[in-house]
file work_13.tsv (TSV, C-alpha atoms)
chain	number	residue	atom	x	y	z
A	105	MET	CA	-39.90	-79.73	28.58
A	106	SER	CA	-36.16	-79.93	28.29
A	107	THR	CA	-34.09	-77.27	26.63
A	108	ASP	CA	-30.46	-77.18	27.64
A	109	GLY	CA	-29.98	-80.56	29.17
A	110	HIS	CA	-31.94	-79.80	32.33
A	111	VAL	CA	-35.38	-81.22	32.87
A	112	LEU	CA	-37.67	-78.30	33.39
A	113	PRO	CA	-41.00	-78.86	35.06
A	114	ASP	CA	-43.92	-79.64	32.80
A	115	THR	CA	-46.35	-76.74	33.15
A	116	GLY	CA	-49.47	-78.61	32.15
A	117	ARG	CA	-51.22	-77.27	35.25
A	118	GLU	CA	-51.85	-74.03	33.41
A	119	ALA	CA	-54.43	-75.99	31.52
A	120	VAL	CA	-55.41	-78.31	34.34
A	121	GLY	CA	-56.02	-75.97	37.24
A	122	THR	CA	-54.38	-73.69	39.75
A	123	PRO	CA	-50.61	-73.07	39.40
A	124	GLY	CA	-48.40	-74.02	42.33
A	125	VAL	CA	-48.23	-70.71	44.10
A	126	ALA	CA	-50.43	-71.33	47.16
A	127	GLY	CA	-49.30	-73.06	50.37
A	128	PRO	CA	-47.74	-76.46	49.86
A	129	ARG	CA	-50.25	-78.17	52.13
A	130	SER	CA	-53.31	-76.66	50.48
A	131	ASP	CA	-51.91	-77.46	47.03
A	132	ALA	CA	-51.27	-81.04	48.12
A	133	VAL	CA	-54.75	-81.45	49.57
A	134	ARG	CA	-56.24	-79.99	46.39
A	135	ASP	CA	-54.23	-82.45	44.28
A	136	VAL	CA	-55.15	-85.43	46.48
A	137	LEU	CA	-58.83	-84.53	46.12
A	138	ALA	CA	-58.41	-84.16	42.34
A	139	VAL	CA	-56.86	-87.60	41.82
A	140	ALA	CA	-58.79	-89.51	44.50
A	141	PRO	CA	-61.87	-90.28	42.34
A	142	GLY	CA	-59.63	-92.01	39.82
A	143	ILE	CA	-57.56	-93.89	42.39
A	144	LEU	CA	-60.49	-95.21	44.41
A	145	PRO	CA	-61.95	-97.55	41.74
A	146	PHE	CA	-58.53	-99.01	40.94
A	147	GLY	CA	-57.83	-99.60	44.63
A	148	VAL	CA	-61.25	-101.17	45.12
A	149	ALA	CA	-60.62	-103.39	42.08
A	150	LEU	CA	-57.29	-104.51	43.54
A	151	GLY	CA	-58.97	-105.19	46.89
A	152	ILE	CA	-61.56	-107.37	45.16
A	153	VAL	CA	-58.81	-109.36	43.42
A	154	ILE	CA	-56.90	-109.78	46.70
A	155	ALA	CA	-60.05	-110.93	48.50
A	156	ALA	CA	-60.63	-113.57	45.83
A	157	SER	CA	-57.00	-114.74	45.85
A	158	SER	CA	-55.02	-116.99	48.15
A	159	MET	CA	-53.11	-113.97	49.45
A	160	GLY	CA	-53.94	-113.37	53.09
A	161	GLU	CA	-56.05	-110.29	53.79
A	162	GLY	CA	-53.44	-108.88	56.17
A	163	THR	CA	-50.68	-109.39	53.62
A	164	GLY	CA	-52.75	-107.79	50.87
A	165	LEU	CA	-53.68	-104.83	53.03
A	166	LEU	CA	-50.08	-104.29	54.19
A	167	GLY	CA	-48.91	-104.56	50.60
A	168	ALA	CA	-50.96	-101.54	49.56
A	169	PRO	CA	-48.77	-98.95	51.37
A	170	LEU	CA	-45.59	-101.05	51.33
A	171	VAL	CA	-45.50	-101.77	47.60
A	172	TYR	CA	-47.56	-98.65	46.77
A	173	ALA	CA	-47.80	-99.55	43.12
A	174	GLY	CA	-51.18	-100.83	42.00
A	175	SER	CA	-50.13	-102.36	38.69
A	176	ALA	CA	-47.18	-104.17	40.28
A	177	GLN	CA	-49.25	-105.48	43.18
A	178	LEU	CA	-52.03	-106.57	40.84
A	179	THR	CA	-49.47	-108.39	38.68
A	180	ALA	CA	-47.94	-110.03	41.74
A	181	THR	CA	-51.29	-111.06	43.20
A	182	THR	CA	-52.46	-112.56	39.90
A	183	MET	CA	-49.18	-114.41	39.34
A	184	PHE	CA	-49.06	-115.77	42.90
A	185	GLN	CA	-52.63	-116.99	42.37
A	186	GLN	CA	-51.47	-118.78	39.21
A	187	GLY	CA	-48.68	-120.48	41.17
A	188	ALA	CA	-45.72	-118.55	39.73
A	189	GLY	CA	-42.42	-118.50	41.64
A	190	ALA	CA	-41.35	-115.53	43.74
A	191	LEU	CA	-38.50	-114.56	41.38
A	192	ALA	CA	-40.78	-114.53	38.32
A	193	VAL	CA	-43.37	-112.52	40.23
A	194	VAL	CA	-40.92	-109.87	41.43
A	195	GLY	CA	-39.29	-109.69	37.97
A	196	SER	CA	-42.60	-109.16	36.19
A	197	ALA	CA	-43.77	-106.60	38.74
A	198	LEU	CA	-40.50	-104.69	38.29
A	199	ILE	CA	-40.95	-104.59	34.52
A	200	VAL	CA	-44.45	-103.21	35.06
A	201	ASN	CA	-42.96	-100.62	37.39
A	202	ALA	CA	-39.97	-99.68	35.24
A	203	ARG	CA	-41.59	-96.36	34.37
A	204	LEU	CA	-40.90	-95.33	37.98
A	205	LEU	CA	-37.22	-95.20	36.97
A	206	LEU	CA	-38.15	-92.49	34.46
A	207	TYR	CA	-40.25	-90.64	37.03
A	208	GLY	CA	-37.39	-90.75	39.55
A	209	ALA	CA	-34.91	-89.41	37.00
A	210	SER	CA	-37.34	-86.68	35.98
A	211	LEU	CA	-37.97	-85.60	39.60
A	212	ALA	CA	-34.31	-85.92	40.65
A	213	PRO	CA	-33.52	-82.18	40.38
A	214	ARG	CA	-36.23	-81.44	42.94
A	215	PHE	CA	-34.85	-84.03	45.35
A	216	ALA	CA	-31.21	-83.00	44.82
A	217	ALA	CA	-30.90	-80.37	47.55
A	218	GLN	CA	-33.11	-82.16	50.05
A	219	PRO	CA	-31.91	-83.82	53.30
A	220	THR	CA	-30.69	-87.41	53.07
A	221	TRP	CA	-33.66	-88.84	54.97
A	222	PHE	CA	-36.02	-87.23	52.47
A	223	ARG	CA	-34.06	-88.45	49.44
A	224	LEU	CA	-34.09	-91.98	50.82
A	225	ALA	CA	-37.66	-92.18	52.10
A	226	ALA	CA	-39.80	-89.78	50.09
A	227	PRO	CA	-39.30	-91.36	46.63
A	228	HIS	CA	-41.47	-94.18	47.97
A	229	PHE	CA	-44.42	-91.88	47.19
A	230	ILE	CA	-43.62	-91.78	43.47
A	231	ILE	CA	-46.57	-93.12	41.48
A	232	ASP	CA	-48.25	-91.89	38.30
A	233	GLN	CA	-50.57	-89.46	40.06
A	234	THR	CA	-48.05	-87.96	42.49
A	235	TYR	CA	-45.44	-87.56	39.75
A	236	LEU	CA	-47.84	-85.78	37.43
A	237	SER	CA	-49.22	-83.61	40.23
A	238	ALA	CA	-45.71	-82.54	41.24
A	239	LEU	CA	-44.84	-81.66	37.65
A	240	ASP	CA	-47.76	-79.28	37.67
A	241	ARG	CA	-46.50	-77.52	40.82
A	242	PRO	CA	-43.18	-76.05	39.65
A	243	GLY	CA	-43.42	-73.26	42.21
A	244	HIS	CA	-42.61	-75.57	45.09
A	245	ALA	CA	-38.88	-76.00	45.68
A	246	GLY	CA	-36.67	-76.72	48.70
A	247	ARG	CA	-38.60	-76.86	51.96
A	248	ARG	CA	-41.88	-76.05	50.20
A	249	PHE	CA	-41.45	-79.02	47.88
A	250	ARG	CA	-40.67	-81.22	50.87
A	251	ALA	CA	-43.89	-80.21	52.61
A	252	TYR	CA	-45.93	-80.46	49.42
A	253	TRP	CA	-44.55	-83.90	48.52
A	254	LEU	CA	-45.06	-85.38	51.99
A	255	TRP	CA	-48.66	-84.15	52.24
A	256	LEU	CA	-49.36	-85.31	48.70
A	257	GLY	CA	-47.70	-88.71	49.14
A	258	LEU	CA	-49.28	-89.47	52.49
A	259	GLY	CA	-52.68	-88.26	51.32
A	260	VAL	CA	-52.69	-90.35	48.16
A	261	MET	CA	-51.32	-93.33	50.10
A	262	ALA	CA	-54.16	-93.01	52.62
A	263	VAL	CA	-56.74	-92.90	49.82
A	264	TRP	CA	-55.11	-95.85	48.06
A	265	SER	CA	-54.85	-98.03	51.17
A	266	ALA	CA	-58.42	-97.23	52.18
A	267	ALA	CA	-59.64	-98.10	48.68
A	268	VAL	CA	-57.87	-101.47	48.74
A	269	GLY	CA	-59.35	-102.17	52.18
A	270	ILE	CA	-62.84	-101.20	51.00
A	271	GLY	CA	-62.45	-103.48	47.99
A	272	MET	CA	-61.49	-106.40	50.21
A	273	LEU	CA	-64.47	-105.74	52.48
A	274	VAL	CA	-67.22	-105.08	49.95
A	275	GLY	CA	-65.88	-107.11	47.03
A	276	PRO	CA	-67.84	-110.24	47.85
A	277	VAL	CA	-71.19	-108.37	48.00
A	278	LEU	CA	-70.72	-105.97	45.05
A	279	PRO	CA	-72.48	-106.64	41.76
A	280	PRO	CA	-70.02	-107.59	39.02
A	281	LEU	CA	-68.32	-104.46	37.63
A	282	PRO	CA	-65.99	-105.79	34.93
A	283	HIS	CA	-65.28	-102.28	33.61
A	284	LEU	CA	-64.30	-100.80	36.99
A	285	THR	CA	-60.81	-99.89	35.78
A	286	LEU	CA	-62.42	-97.59	33.21
A	287	ALA	CA	-62.57	-94.95	35.96
A	288	GLY	CA	-58.79	-95.05	36.32
A	289	THR	CA	-58.42	-94.84	32.55
A	290	ALA	CA	-60.65	-91.77	32.57
A	291	LEU	CA	-58.30	-90.13	35.09
A	292	PHE	CA	-55.33	-90.87	32.83
A	293	VAL	CA	-57.22	-89.37	29.86
A	294	GLY	CA	-57.92	-86.27	31.95
A	295	MET	CA	-54.20	-85.99	32.69
A	296	LEU	CA	-53.11	-86.74	29.13
A	297	VAL	CA	-55.28	-84.41	27.05
A	298	PRO	CA	-54.01	-81.08	28.49
A	299	ARG	CA	-50.43	-82.28	28.00
A	300	ILE	CA	-50.81	-82.78	24.26
A	301	ARG	CA	-50.03	-79.22	23.30
A	302	ASP	CA	-47.20	-79.23	20.76
A	303	ARG	CA	-45.75	-81.41	18.02
A	304	PRO	CA	-43.30	-83.42	20.18
A	305	SER	CA	-45.99	-84.23	22.75
A	306	VAL	CA	-48.40	-85.32	20.00
A	307	ILE	CA	-45.70	-87.55	18.49
A	308	ALA	CA	-44.82	-88.93	21.95
A	309	ALA	CA	-48.45	-89.81	22.66
A	310	ILE	CA	-49.21	-91.35	19.26
A	311	THR	CA	-46.01	-93.41	19.22
A	312	ALA	CA	-46.47	-94.63	22.79
A	313	ALA	CA	-50.13	-95.50	22.16
A	314	THR	CA	-49.13	-97.53	19.09
A	315	VAL	CA	-46.09	-99.32	20.50
A	316	ALA	CA	-47.50	-100.19	23.95
A	317	PRO	CA	-50.14	-102.73	22.80
A	318	LEU	CA	-47.71	-104.23	20.28
A	319	ALA	CA	-45.06	-104.71	22.96
A	320	ALA	CA	-47.65	-106.04	25.40
A	321	HIS	CA	-48.68	-108.62	22.83
A	322	PHE	CA	-45.23	-110.21	23.07
A	323	VAL	CA	-44.20	-109.33	26.66
A	324	PRO	CA	-47.35	-108.29	28.57
A	325	PRO	CA	-45.65	-106.62	31.55
A	326	ALA	CA	-43.43	-104.50	29.27
A	327	GLY	CA	-46.22	-102.67	27.42
A	328	VAL	CA	-46.17	-99.36	29.27
A	329	VAL	CA	-42.43	-98.94	29.58
A	330	ALA	CA	-41.77	-99.99	25.96
A	331	GLY	CA	-44.46	-97.62	24.70
A	332	ALA	CA	-43.17	-94.80	26.89
A	333	ALA	CA	-39.57	-95.30	25.78
A	334	ALA	CA	-40.59	-95.33	22.11
A	335	GLY	CA	-42.75	-92.23	22.58
A	336	MET	CA	-39.97	-90.31	24.34
A	337	ALA	CA	-37.46	-91.26	21.65
A	338	ALA	CA	-39.84	-90.24	18.85
A	339	ALA	CA	-40.57	-86.91	20.55
A	340	LEU	CA	-36.86	-86.25	20.97
A	341	VAL	CA	-36.19	-86.91	17.29
A	342	THR	CA	-39.16	-84.77	16.26
A	343	GLY	CA	-38.09	-81.92	18.51
A	344	ARG	CA	-34.65	-81.81	16.88
A	345	ALA	CA	-35.90	-82.09	13.32
B	145	MET	CA	-51.49	-118.65	51.33
B	146	VAL	CA	-48.88	-116.12	50.22
B	147	GLY	CA	-46.68	-114.98	53.09
B	148	LEU	CA	-45.48	-111.48	53.84
B	149	ALA	CA	-41.90	-112.16	52.70
B	150	PRO	CA	-42.57	-111.96	48.92
B	151	ILE	CA	-44.49	-108.71	49.44
B	152	LEU	CA	-41.58	-107.26	51.44
B	153	VAL	CA	-39.15	-108.28	48.69
B	154	LEU	CA	-41.43	-106.67	46.10
B	155	ALA	CA	-41.70	-103.51	48.21
B	156	ALA	CA	-37.90	-103.31	48.52
B	157	ALA	CA	-37.48	-103.80	44.77
B	158	CYS	CA	-40.02	-101.06	44.02
B	159	TRP	CA	-38.23	-98.71	46.43
B	160	LEU	CA	-34.93	-99.43	44.68
B	161	VAL	CA	-36.46	-98.55	41.30
B	162	ARG	CA	-37.84	-95.29	42.70
B	163	VAL	CA	-34.61	-94.08	44.32
B	164	MET	CA	-32.23	-95.31	41.60
B	165	PHE	CA	-31.79	-91.96	39.84
B	166	ILE	CA	-32.33	-89.89	42.98
B	167	VAL	CA	-29.85	-91.55	45.34
B	168	PHE	CA	-27.63	-94.05	43.56
B	169	VAL	CA	-27.13	-92.69	40.04
B	170	PRO	CA	-27.50	-88.89	40.10
B	171	ALA	CA	-29.66	-87.78	37.18
B	172	GLU	CA	-27.11	-85.10	36.20
B	173	ARG	CA	-24.76	-87.90	35.18
B	174	LEU	CA	-27.24	-89.19	32.62
B	175	PRO	CA	-26.45	-88.49	28.96
B	176	GLY	CA	-27.94	-85.26	27.62
B	177	ARG	CA	-30.24	-87.09	25.23
B	178	VAL	CA	-31.73	-89.16	28.02
B	179	THR	CA	-32.23	-86.07	30.16
B	180	ALA	CA	-33.90	-84.28	27.27
B	181	ALA	CA	-36.17	-87.25	26.58
B	182	LEU	CA	-37.35	-87.20	30.20
B	183	GLY	CA	-39.27	-84.02	29.36
B	184	HIS	CA	-41.63	-86.19	27.33
B	185	VAL	CA	-42.23	-88.84	30.00
B	186	ALA	CA	-45.71	-87.66	30.96
B	187	PRO	CA	-47.54	-87.77	27.59
B	188	ALA	CA	-45.71	-90.95	26.58
B	189	VAL	CA	-46.51	-92.92	29.75
B	190	LEU	CA	-50.09	-91.68	29.90
B	191	ALA	CA	-50.77	-92.51	26.24
B	192	ALA	CA	-49.27	-95.97	26.72
B	193	HIS	CA	-51.50	-96.55	29.77
B	194	VAL	CA	-54.65	-95.38	27.99
B	195	SER	CA	-53.88	-97.37	24.86
B	196	LEU	CA	-53.34	-100.60	26.81
B	197	GLU	CA	-56.48	-100.06	28.84
B	198	LEU	CA	-58.52	-99.43	25.70
B	199	ALA	CA	-57.10	-102.53	24.05
B	200	GLY	CA	-58.21	-104.53	27.07
B	201	LEU	CA	-61.68	-102.98	27.10
B	202	VAL	CA	-62.72	-104.54	23.82
B	203	PRO	CA	-63.01	-108.24	24.65
B	204	ALA	CA	-64.11	-110.53	21.85
B	205	GLY	CA	-67.20	-111.72	23.69
B	206	ALA	CA	-68.79	-108.34	24.53
B	207	PRO	CA	-68.46	-105.97	21.57
B	208	ALA	CA	-71.32	-103.72	22.72
B	209	ALA	CA	-69.72	-103.05	26.10
B	210	GLY	CA	-66.35	-102.53	24.42
B	211	LEU	CA	-67.82	-100.05	21.96
B	212	ALA	CA	-69.64	-98.24	24.76
B	213	SER	CA	-66.36	-98.04	26.71
B	214	LEU	CA	-64.57	-96.53	23.73
B	215	CYS	CA	-67.37	-94.00	23.22
B	216	CYS	CA	-67.25	-93.03	26.91
B	217	ILE	CA	-63.47	-92.53	26.81
B	218	ALA	CA	-63.78	-90.44	23.62
B	219	ALA	CA	-66.43	-88.28	25.30
B	220	ILE	CA	-64.27	-87.91	28.42
B	221	ALA	CA	-61.33	-86.85	26.24
B	222	ALA	CA	-63.52	-84.25	24.51
B	223	VAL	CA	-64.66	-82.87	27.87
B	224	ALA	CA	-61.06	-82.82	29.16
B	225	TYR	CA	-60.04	-80.85	26.07
B	226	ARG	CA	-62.76	-78.25	26.60
B	227	ARG	CA	-62.72	-78.21	30.42
B	228	PRO	CA	-59.54	-79.70	31.93
B	229	SER	CA	-60.39	-81.04	35.39
B	230	LEU	CA	-59.20	-84.31	36.88
B	231	THR	CA	-62.22	-84.48	39.16
B	232	VAL	CA	-64.59	-84.14	36.23
B	233	SER	CA	-62.70	-86.76	34.21
B	234	ALA	CA	-62.66	-89.27	37.06
B	235	GLY	CA	-66.31	-88.56	37.89
B	236	LEU	CA	-67.31	-89.18	34.29
B	237	GLY	CA	-65.27	-92.38	34.39
B	238	ILE	CA	-67.19	-93.65	37.43
B	239	ALA	CA	-70.49	-92.70	35.78
B	240	SER	CA	-69.40	-94.61	32.67
B	241	VAL	CA	-68.63	-97.73	34.72
B	242	LEU	CA	-72.06	-97.65	36.33
B	243	LEU	CA	-73.76	-97.00	33.00
B	244	ILE	CA	-72.00	-99.83	31.20
B	245	ASP	CA	-71.98	-102.47	33.93
B	246	LEU	CA	-75.31	-101.82	35.62
B	247	VAL	CA	-77.44	-100.60	32.71
B	248	LEU	CA	-76.05	-101.63	29.31
B	249	VAL	CA	-74.57	-105.04	30.14
B	250	ARG	CA	-77.64	-106.14	32.10
call {"tool": "encode", "arguments": {"input": "work_13.tsv", "output": "structure tokens"}}
result
Amino acid sequence: MSTDGHVLPDTGREAVGTPGVAGPRSDAVRDVLAVAPGILPFGVALGIVIAASSMGEGTGLLGAPLVYAGSAQLTATTMFQQGAGALAVVGSALIVNARLLLYGASLAPRFAAQPTWFRLAAPHFIIDQTYLSALDRPGHAGRRFRAYWLWLGLGVMAVWSAAVGIGMLVGPVLPPLPHLTLAGTALFVGMLVPRIRDRPSVIAAITAATVAPLAAHFVPPAGVVAGAAAGMAAALVTGRA
Amino acid sequence: MVGLAPILVLAAACWLVRVMFIVFVPAERLPGRVTAALGHVAPAVLAAHVSLELAGLVPAGAPAAGLASLCCIAAIAAVAYRRPSLTVSAGLGIASVLLIDLVLVR
């Protein structure tokens, strides 16, 4: 939570698991193993979509670590399949990914004193799961954060890329699983519930959950970021009241 | 066939979004209100995700599967409240998928 203008780390891990006091590598491995069951089904689902699309398998597989944003790549793949132009595809995918701006701003204090190469390259690992995992490891700073973040980012990226590859391979022979993304939703629920612990967080969650589908009704790619922005604003107002 | 170039452009755009407030616009230059609001990013983004997913899980043609999905998510939330564990939540999610798609929908 924020108190005096600085973003302090969210300490939801107290409710979720072990605080960030062990070695950075073991913490990262633990966090990769914790989020992997939720990432795998989403990656497999994306792989199935890629396999059924006109996107080449090599392009789809390379896109997994290069784009490293499931929602954006899914949006792009679907829109390419529908014949949309490159500009429209990239624009829509960026709107879907706009929440990464918020994650980057929130994590910025932990990247501030890092070497230039790390500040340029390591933000590539920012996704929902790595951001939330890092928030729950406030004990890692400086070199320890660097080690933790690299192990976490590379580990999650390996899981994600493997899942997409598996989806492309087994997609054609799997029975239809139209609710496969439910597993990813379950992971988000598991991350959300321990973070609803005071009035501002309750207001943030309720407002975001209400606004997101309404916004998505009018501009589908903007649902998450519009809901998140409304939730953050409502929590801020509530916290000051 | 979609070439590699659009994917590379998309990757570059995603990288730019990620580094914007780390490299190009230092977060300490952001207005105080924005910085304070960033403390609420996690519950807001997660709730928005969950809400959108739930809205998409209730298609008009399969109300039983939609209802079952909602019940599963409610049960997973209750378990997460009593016993916070990402592994347990994700495991229950996978079990829910198998239950709904391979047992109920058949």
call {"tool": "residues_near_point", "arguments": {"input": "work_13.tsv", "point": "(-58.6, -92.1, 28.6)", "cutoff": "6 Å", "atoms": "only C-alpha atoms", "output": "count of residues only"}}
result
6
call {"tool": "interface_residues", "arguments": {"input": "work_13.tsv", "of": "chain B", "to": "chain A", "cutoff": "7 Å", "atoms": "only C-alpha atoms", "output": "number ranges by chain"}}
result
B: 145-148, 150-151, 154-155, 158-159, 161-167, 171, 176, 179-185, 187-197, 217, 220-221, 224-225, 228-231, 233-235, 237-238, 241, 245
call {"tool": "atom_distance", "arguments": {"input": "work_13.tsv", "atom1": "CA of Gly271 in chain A", "atom2": "CA of Ile152 in chain A"}}
result
4.9 Å
call {"tool": "atom_distance", "arguments": {"input": "work_13.tsv", "atom1": "CA of Leu201 in chain B", "atom2": "CA of Ile154 in chain A"}}
result
21.3 Å
call {"tool": "atom_distance", "arguments": {"input": "work_13.tsv", "atom1": "CA of Gly243 in chain A", "atom2": "CA of Glu172 in chain B"}}
result
21.0 Å
call {"tool": "closest_residue", "arguments": {"input": "work_13.tsv", "among": "A:Met272, A:Arg250, A:Ala319, A:Ala149", "to": "Gly127 in chain A", "atoms": "only C-alpha atoms"}}
result
A:Arg250
call {"tool": "decode", "arguments": {"input": "work_13.tsv", "residues": "range 178-202 of chain B", "atoms": "N, CA and C atoms", "output": "tab-separated table (two decimals), in the first residue's frame"}}
result
chain	number	residue	atom	x	y	z
B	178	VAL	N	-1.21	9.43	-8.48
B	178	VAL	CA	-1.01	8.25	-9.33
B	178	VAL	C	-0.16	7.23	-8.59
B	179	THR	N	0.90	7.71	-7.95
B	179	THR	CA	1.78	6.81	-7.21
B	179	THR	C	1.02	6.11	-6.09
B	180	ALA	N	0.17	6.87	-5.41
B	180	ALA	CA	-0.61	6.28	-4.32
B	180	ALA	C	-1.59	5.24	-4.86
B	181	ALA	N	-2.19	5.54	-6.01
B	181	ALA	CA	-3.16	4.60	-6.59
B	181	ALA	C	-2.49	3.29	-7.00
B	182	LEU	N	-1.19	3.34	-7.32
B	182	LEU	CA	-0.50	2.13	-7.75
B	182	LEU	C	-0.49	1.06	-6.66
B	183	GLY	N	-0.65	1.49	-5.42
B	183	GLY	CA	-0.72	0.51	-4.32
B	183	GLY	C	-1.94	-0.39	-4.40
B	184	HIS	N	-2.91	0.00	-5.23
B	184	HIS	CA	-4.14	-0.79	-5.34
B	184	HIS	C	-4.21	-1.53	-6.68
B	185	VAL	N	-3.09	-1.57	-7.39
B	185	VAL	CA	-3.09	-2.22	-8.71
B	185	VAL	C	-3.52	-3.69	-8.61
B	186	ALA	N	-2.93	-4.40	-7.66
B	186	ALA	CA	-3.12	-5.86	-7.63
B	186	ALA	C	-4.59	-6.27	-7.48
B	187	PRO	N	-5.30	-5.83	-6.42
B	187	PRO	CA	-6.70	-6.27	-6.31
B	187	PRO	C	-7.56	-5.77	-7.47
B	188	ALA	N	-7.26	-4.57	-7.98
B	188	ALA	CA	-8.08	-4.03	-9.06
B	188	ALA	C	-7.91	-4.84	-10.34
B	189	VAL	N	-6.67	-5.11	-10.72
B	189	VAL	CA	-6.43	-5.86	-11.97
B	189	VAL	C	-6.97	-7.29	-11.85
B	190	LEU	N	-6.71	-7.91	-10.70
B	190	LEU	CA	-7.16	-9.29	-10.52
B	190	LEU	C	-8.68	-9.39	-10.56
B	191	ALA	N	-9.36	-8.47	-9.88
B	191	ALA	CA	-10.83	-8.50	-9.87
B	191	ALA	C	-11.38	-8.26	-11.28
B	192	ALA	N	-10.74	-7.36	-12.03
B	192	ALA	CA	-11.18	-7.11	-13.40
B	192	ALA	C	-11.02	-8.37	-14.26
B	193	HIS	N	-9.88	-9.05	-14.11
B	193	HIS	CA	-9.64	-10.30	-14.84
B	193	HIS	C	-10.72	-11.33	-14.52
B	194	VAL	N	-10.93	-11.54	-13.22
B	194	VAL	CA	-11.87	-12.59	-12.79
B	194	VAL	C	-13.27	-12.26	-13.27
B	195	SER	N	-13.65	-11.01	-13.14
B	195	SER	CA	-14.99	-10.59	-13.56
B	195	SER	C	-15.21	-10.84	-15.05
B	196	LEU	N	-14.23	-10.47	-15.86
B	196	LEU	CA	-14.35	-10.67	-17.31
B	196	LEU	C	-14.42	-12.15	-17.66
B	197	GLU	N	-13.58	-12.93	-16.98
B	197	GLU	CA	-13.59	-14.37	-17.25
B	197	GLU	C	-14.93	-14.98	-16.87
B	198	LEU	N	-15.48	-14.56	-15.73
B	198	LEU	CA	-16.77	-15.09	-15.30
B	198	LEU	C	-17.87	-14.68	-16.27
B	199	ALA	N	-17.80	-13.45	-16.74
B	199	ALA	CA	-18.81	-12.99	-17.70
B	199	ALA	C	-18.75	-13.83	-18.98
B	200	GLY	N	-17.55	-14.25	-19.35
B	200	GLY	CA	-17.41	-15.06	-20.56
B	200	GLY	C	-17.74	-16.53	-20.35
B	201	LEU	N	-17.85	-16.94	-19.06
B	201	LEU	CA	-18.09	-18.36	-18.78
B	201	LEU	C	-19.57	-18.72	-18.82
B	202	VAL	N	-20.41	-17.71	-18.94
B	202	VAL	CA	-21.85	-17.99	-18.92
B	202	VAL	C	-22.44	-17.73	-20.31
